[in-house]
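Q: What follows is start.cif, mmCIF, C-alpha atoms.
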```cif
data_entry
loop_
_atom_site.label_atom_id
_atom_site.label_comp_id
_atom_site.auth_asym_id
_atom_site.auth_seq_id
_atom_site.Cartn_x
_atom_site.Cartn_y
_atom_site.Cartn_z
CA MET A 293 -14.46 -35.41 129.20
CA SER A 294 -16.02 -38.55 127.71
CA ALA A 295 -15.85 -39.27 124.00
CA ARG A 296 -18.86 -39.76 121.74
CA ALA A 297 -19.14 -42.99 119.76
CA LEU A 298 -20.20 -42.67 116.12
CA HIS A 299 -21.39 -45.61 114.04
CA VAL A 300 -20.33 -44.86 110.46
CA GLU A 301 -21.73 -47.03 107.69
CA THR A 302 -19.19 -47.93 105.02
CA PRO A 303 -19.18 -50.35 102.07
CA THR A 304 -16.93 -53.40 102.31
CA HIS A 305 -16.41 -56.63 100.40
CA GLY A 306 -16.90 -60.13 101.76
CA ARG A 307 -15.39 -63.38 100.52
CA VAL A 308 -17.79 -66.12 99.40
CA LEU A 309 -16.87 -69.48 97.88
CA VAL A 310 -19.35 -71.28 95.61
CA ARG A 311 -19.29 -74.92 94.50
CA ASP A 312 -21.86 -75.71 91.85
CA ALA A 313 -24.03 -78.80 91.94
CA LEU A 314 -22.72 -81.78 89.96
CA SER A 315 -25.79 -81.68 87.73
CA ALA A 316 -28.49 -79.17 86.87
CA PRO A 317 -30.85 -78.14 88.18
CA ALA A 318 -29.50 -78.01 91.71
CA ARG A 319 -31.80 -79.08 94.55
CA GLY A 320 -31.10 -75.75 96.20
CA LEU A 321 -28.47 -73.71 98.05
CA PHE A 322 -26.59 -75.01 101.08
CA VAL A 323 -25.26 -71.85 102.72
CA ALA A 324 -22.63 -72.44 105.41
CA PHE A 325 -20.96 -70.28 108.06
CA HIS A 326 -17.60 -71.02 109.69
CA GLY A 327 -16.57 -70.82 113.32
CA TYR A 328 -14.34 -68.26 115.03
CA GLY A 329 -10.86 -68.06 113.54
CA GLN A 330 -11.79 -70.08 110.46
CA SER A 331 -12.34 -69.23 106.80
CA ALA A 332 -14.59 -69.99 103.85
CA GLU A 333 -11.98 -72.47 102.59
CA ILE A 334 -11.96 -74.37 105.88
CA THR A 335 -15.72 -74.69 105.85
CA MET A 336 -15.78 -75.86 102.24
CA GLY A 337 -13.31 -78.58 103.22
CA ASP A 338 -15.37 -79.53 106.27
CA LEU A 339 -18.38 -80.11 104.03
CA ASP A 340 -16.52 -82.62 101.86
CA GLY A 341 -17.88 -86.07 102.49
CA ILE A 342 -21.51 -85.00 102.74
CA GLY A 343 -22.64 -87.06 99.78
CA ALA A 344 -26.06 -85.49 99.36
CA LEU A 345 -24.47 -82.07 98.77
CA GLY A 346 -23.41 -83.14 95.30
CA ALA A 347 -26.93 -82.24 94.20
CA TRP A 348 -26.78 -78.81 95.86
CA THR A 349 -24.99 -75.55 95.13
CA VAL A 350 -22.77 -75.05 98.17
CA VAL A 351 -22.07 -71.49 99.36
CA SER A 352 -19.41 -70.90 102.02
CA VAL A 353 -19.67 -67.39 103.43
CA GLN A 354 -16.68 -65.86 105.22
CA GLY A 355 -17.05 -63.38 108.06
CA LEU A 356 -16.32 -59.74 107.32
CA HIS A 357 -13.79 -59.34 110.14
CA ARG A 358 -10.50 -60.83 108.93
CA PHE A 359 -7.27 -61.29 110.86
CA TYR A 360 -4.07 -63.33 110.80
CA THR A 361 -3.49 -66.41 112.91
CA ARG A 362 -0.43 -66.25 115.09
CA GLY A 363 2.43 -68.38 113.88
CA ASP A 364 1.54 -69.33 110.31
CA GLU A 365 -0.35 -66.07 109.61
CA ARG A 366 -3.20 -67.68 107.73
CA VAL A 367 -6.07 -65.30 106.97
CA VAL A 368 -9.11 -66.22 109.05
CA ALA A 369 -12.21 -64.36 110.19
CA SER A 370 -14.88 -63.95 112.84
CA TRP A 371 -18.48 -62.84 112.69
CA MET A 372 -18.71 -60.31 115.49
CA THR A 373 -17.74 -59.32 118.99
CA ARG A 374 -19.84 -57.90 121.82
CA GLN A 375 -18.89 -54.36 120.74
CA ASP A 376 -21.61 -52.63 118.68
CA ARG A 377 -23.41 -55.95 118.58
CA GLU A 378 -26.72 -54.78 117.10
CA GLN A 379 -25.01 -53.00 114.20
CA ALA A 380 -22.84 -56.04 113.48
CA ILE A 381 -25.86 -58.36 113.41
CA ALA A 382 -27.66 -56.09 110.93
CA ASP A 383 -24.53 -55.80 108.76
CA ASN A 384 -24.07 -59.58 108.70
CA ILE A 385 -27.66 -60.32 107.76
CA ALA A 386 -27.53 -57.77 104.92
CA TYR A 387 -24.23 -59.27 103.76
CA VAL A 388 -25.69 -62.79 103.60
CA ASP A 389 -28.72 -61.52 101.68
CA ARG A 390 -26.40 -59.95 99.12
CA ALA A 391 -24.26 -63.08 98.90
CA ILE A 392 -27.32 -65.21 98.13
CA ASP A 393 -28.52 -62.66 95.58
CA ALA A 394 -25.12 -62.87 93.86
CA VAL A 395 -25.44 -66.65 93.55
CA ALA A 396 -29.14 -66.89 92.72
CA ALA A 397 -30.27 -63.41 91.74
CA HIS A 398 -33.16 -64.45 89.51
CA THR A 399 -34.35 -67.64 91.18
CA SER A 400 -36.05 -68.62 94.42
CA PRO A 401 -34.10 -71.73 95.39
CA ARG A 402 -34.64 -73.96 98.38
CA ILE A 403 -32.11 -72.82 100.99
CA VAL A 404 -30.58 -74.70 103.89
CA PHE A 405 -28.42 -72.67 106.27
CA ALA A 406 -25.66 -74.39 108.22
CA GLY A 407 -23.30 -73.16 110.91
CA PHE A 408 -20.42 -74.47 112.99
CA SER A 409 -19.60 -73.03 116.43
CA GLN A 410 -19.78 -69.21 116.19
CA GLY A 411 -21.34 -69.69 112.75
CA VAL A 412 -24.41 -71.32 114.33
CA ALA A 413 -25.64 -67.93 115.53
CA MET A 414 -25.13 -66.54 112.04
CA ALA A 415 -27.06 -69.44 110.49
CA TRP A 416 -29.96 -68.83 112.87
CA ARG A 417 -30.02 -65.10 112.14
CA ALA A 418 -29.90 -65.66 108.38
CA ALA A 419 -32.68 -68.24 108.57
CA MET A 420 -34.99 -66.12 110.73
CA HIS A 421 -34.23 -62.58 109.58
CA GLY A 422 -32.86 -62.91 106.05
CA ARG A 423 -34.92 -61.96 103.02
CA ARG A 424 -35.26 -65.53 101.76
CA ARG A 425 -37.14 -68.23 103.59
CA ALA A 426 -35.11 -71.20 104.82
CA ALA A 427 -36.12 -74.79 104.15
CA GLY A 428 -33.84 -76.20 106.83
CA LEU A 429 -31.16 -75.40 109.37
CA VAL A 430 -28.08 -77.45 110.31
CA THR A 431 -26.30 -76.45 113.53
CA LEU A 432 -23.10 -78.00 114.85
CA ALA A 433 -21.38 -77.22 118.15
CA GLY A 434 -23.23 -73.98 118.80
CA ASP A 435 -26.42 -72.81 120.49
CA ILE A 436 -29.38 -70.63 119.54
CA PRO A 437 -28.39 -66.98 120.12
CA PRO A 438 -30.40 -65.11 122.77
CA ASP A 439 -31.67 -62.55 120.26
CA ILE A 440 -33.49 -65.22 118.24
CA ASP A 441 -37.08 -66.37 118.81
CA PRO A 442 -37.19 -69.79 117.10
CA THR A 443 -40.96 -69.67 116.58
CA GLY A 444 -41.64 -70.41 112.92
CA ALA A 445 -38.17 -71.85 112.27
CA PRO A 446 -37.69 -74.53 109.61
CA PRO A 447 -36.72 -78.10 110.58
CA VAL A 448 -33.43 -78.13 112.50
CA LEU A 449 -30.65 -80.72 112.66
CA ILE A 450 -28.52 -80.29 115.79
CA GLY A 451 -25.04 -81.84 115.93
CA ALA A 452 -23.32 -82.27 119.28
CA GLY A 453 -20.02 -83.96 120.03
CA GLN A 454 -20.22 -86.01 123.20
CA ARG A 455 -16.83 -84.63 124.26
CA ASP A 456 -17.50 -81.00 123.29
CA ALA A 457 -16.43 -78.80 126.20
CA TRP A 458 -18.20 -75.72 124.79
CA PHE A 459 -21.54 -76.94 123.42
CA THR A 460 -22.33 -78.88 126.56
CA PRO A 461 -25.27 -81.22 127.25
CA ALA A 462 -26.81 -78.41 129.32
CA LYS A 463 -26.70 -75.99 126.37
CA ARG A 464 -28.06 -78.66 124.06
CA SER A 465 -30.93 -79.39 126.46
CA SER A 466 -31.70 -75.66 126.70
CA ASP A 467 -31.88 -75.39 122.90
CA VAL A 468 -34.12 -78.44 122.63
CA ALA A 469 -36.45 -77.01 125.27
CA ARG A 470 -36.71 -73.76 123.33
CA LEU A 471 -37.48 -75.62 120.10
CA VAL A 472 -40.10 -77.81 121.79
CA ALA A 473 -41.77 -74.75 123.30
CA ALA A 474 -41.80 -73.08 119.88
CA GLY A 475 -43.16 -76.19 118.13
CA VAL A 476 -40.14 -76.50 115.84
CA SER A 477 -39.35 -79.85 114.22
CA HIS A 478 -35.83 -80.89 115.22
CA THR A 479 -33.43 -83.83 115.23
CA VAL A 480 -30.47 -84.19 117.60
CA VAL A 481 -27.38 -86.15 116.61
CA ALA A 482 -25.00 -86.76 119.51
CA PHE A 483 -21.85 -88.25 117.99
CA ASP A 484 -18.48 -89.50 119.18
CA GLY A 485 -16.38 -86.38 118.92
CA ALA A 486 -15.47 -83.02 120.39
CA HIS A 487 -15.88 -79.47 119.01
CA GLU A 488 -15.52 -80.54 115.38
CA TRP A 489 -16.96 -81.93 112.19
CA THR A 490 -16.78 -85.72 112.04
CA ASP A 491 -17.59 -88.27 109.35
CA GLU A 492 -20.39 -89.59 111.55
CA PHE A 493 -22.09 -86.21 111.58
CA ARG A 494 -21.44 -85.68 107.86
CA ARG A 495 -23.34 -88.92 107.16
CA ALA A 496 -26.18 -87.72 109.39
CA VAL A 497 -26.34 -84.41 107.49
CA SER A 498 -26.42 -86.27 104.18
CA ARG A 499 -29.34 -88.46 105.28
CA TRP A 500 -31.22 -85.50 106.73
CA ILE A 501 -30.83 -83.40 103.57
CA ASP A 502 -32.07 -86.26 101.41
CA GLN A 503 -35.26 -86.35 103.51
CA LEU A 504 -36.07 -82.63 103.15
#
```
Go through the file and emit its structure as structure tokens.

A:
Amino acid sequence: MSARALHVETPTHGRVLVRDALSAPARGLFVAFHGYGQSAEITMGDLDGIGALGAWTVVSVQGLHRFYTRGDERVVASWMTRQDREQAIADNIAYVDRAIDAVAAHTSPRIVFAGFSQGVAMAWRAAMHGRRRAAGLVTLAGDIPPDIDPTGAPPVLIGAGQRDAWFTPAKRSSDVARLVAAGVSHTVVAFDGAHEWTDEFRRAVSRWIDQL
């Protein structure tokens, strides 16, 4: 006899780190999503060195699915798996909406979403399906998820390491073709690096943000 699968909604708490702008008022919110097996702290560290972010409130959102790394047992997280995918996507978008409300409940700030690796899909979903309109989107080492139609997307900055074995030139070309077909403004930065943040890309992000 086969078992029935039930999808039971339950409240949970997510971890969000916030770094206030160096001066008020902030230019907006820079909301970032980590990659698989990373954390909000890792992402906040990765964003150090992006000079233009000093004028922004930086929000690092951690995935709801936490686990320990093997060996040093650091607490890290992921965004979703293929199991119950549609429910996980809806949960994550609602979570990000609530996180932004907690930071800027009574304002309508300019928002830039940013993602690294697995977090790129989350950044796209937040930008296209979240309650608040995005002013820009920074993606590094990850592609547009298949469930997203990029039509109407804000300007996009795409970062790609020339030695990245996962976000390959073929995937990058596929993303660019989708953005061109949708009429989305985009900039591609191919830098000397692998599947990682580099200082070269941080400088590119800083310049791009200043031009928004």

Q: Taking only C-alpha atoms into account, name the residue in A:Val412, A:Leu321, A:Leu432, A:Ala397 that is nearest to Glu488 of chain A.

A: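 Of the candidates, the smallest distance to Glu488 of chain A is held by A:Leu432.
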
Q: What residues come out when you apply the PyMOL selection byres ((chain A and resi 358) around 10) to this file, written as a PyMOL selection string?

A: chain A and resi 306+329-331+354-357+359-361+367-371

Q: Measure the distance from atom CA of Gly363 of chain A to atom CA of Asp376 of chain A in Å and round it to one decimal.

A: 29.1 Å

Q: Could you check how far atom CA of Arg470 of chain A sits from atom CA of Pro442 of chain A, in Å to one decimal?

A: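 Separation of atom CA of Arg470 of chain A and atom CA of Pro442 of chain A: 7.4 Å.
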
Q: Can you translate the PyMOL selection byres ((chain A and resi 456) around 9) into the concrete residues it hits in this file, as a short mmCIF file (atom, residue, chain, number, x, y, z; two decimals) with C-alpha atoms, in the coordinates of the input?

A:
```cif
data_model
loop_
_atom_site.label_atom_id
_atom_site.label_comp_id
_atom_site.auth_asym_id
_atom_site.auth_seq_id
_atom_site.Cartn_x
_atom_site.Cartn_y
_atom_site.Cartn_z
CA ALA A 433 -21.38 -77.22 118.15
CA ALA A 452 -23.32 -82.27 119.28
CA GLY A 453 -20.02 -83.96 120.03
CA GLN A 454 -20.22 -86.01 123.20
CA ARG A 455 -16.83 -84.63 124.26
CA ALA A 457 -16.43 -78.80 126.20
CA TRP A 458 -18.20 -75.72 124.79
CA PHE A 459 -21.54 -76.94 123.42
CA THR A 460 -22.33 -78.88 126.56
CA PRO A 461 -25.27 -81.22 127.25
CA GLY A 485 -16.38 -86.38 118.92
CA ALA A 486 -15.47 -83.02 120.39
CA HIS A 487 -15.88 -79.47 119.01
CA GLU A 488 -15.52 -80.54 115.38
#
```

Q: For Asp312 of chain A, which residue out of A:Val350, A:Ala394, A:Ile385, A:Ala332 is the nearest one, using all atoms listed in the file?

A: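 Under the stated criterion, the closest residue is A:Val350.
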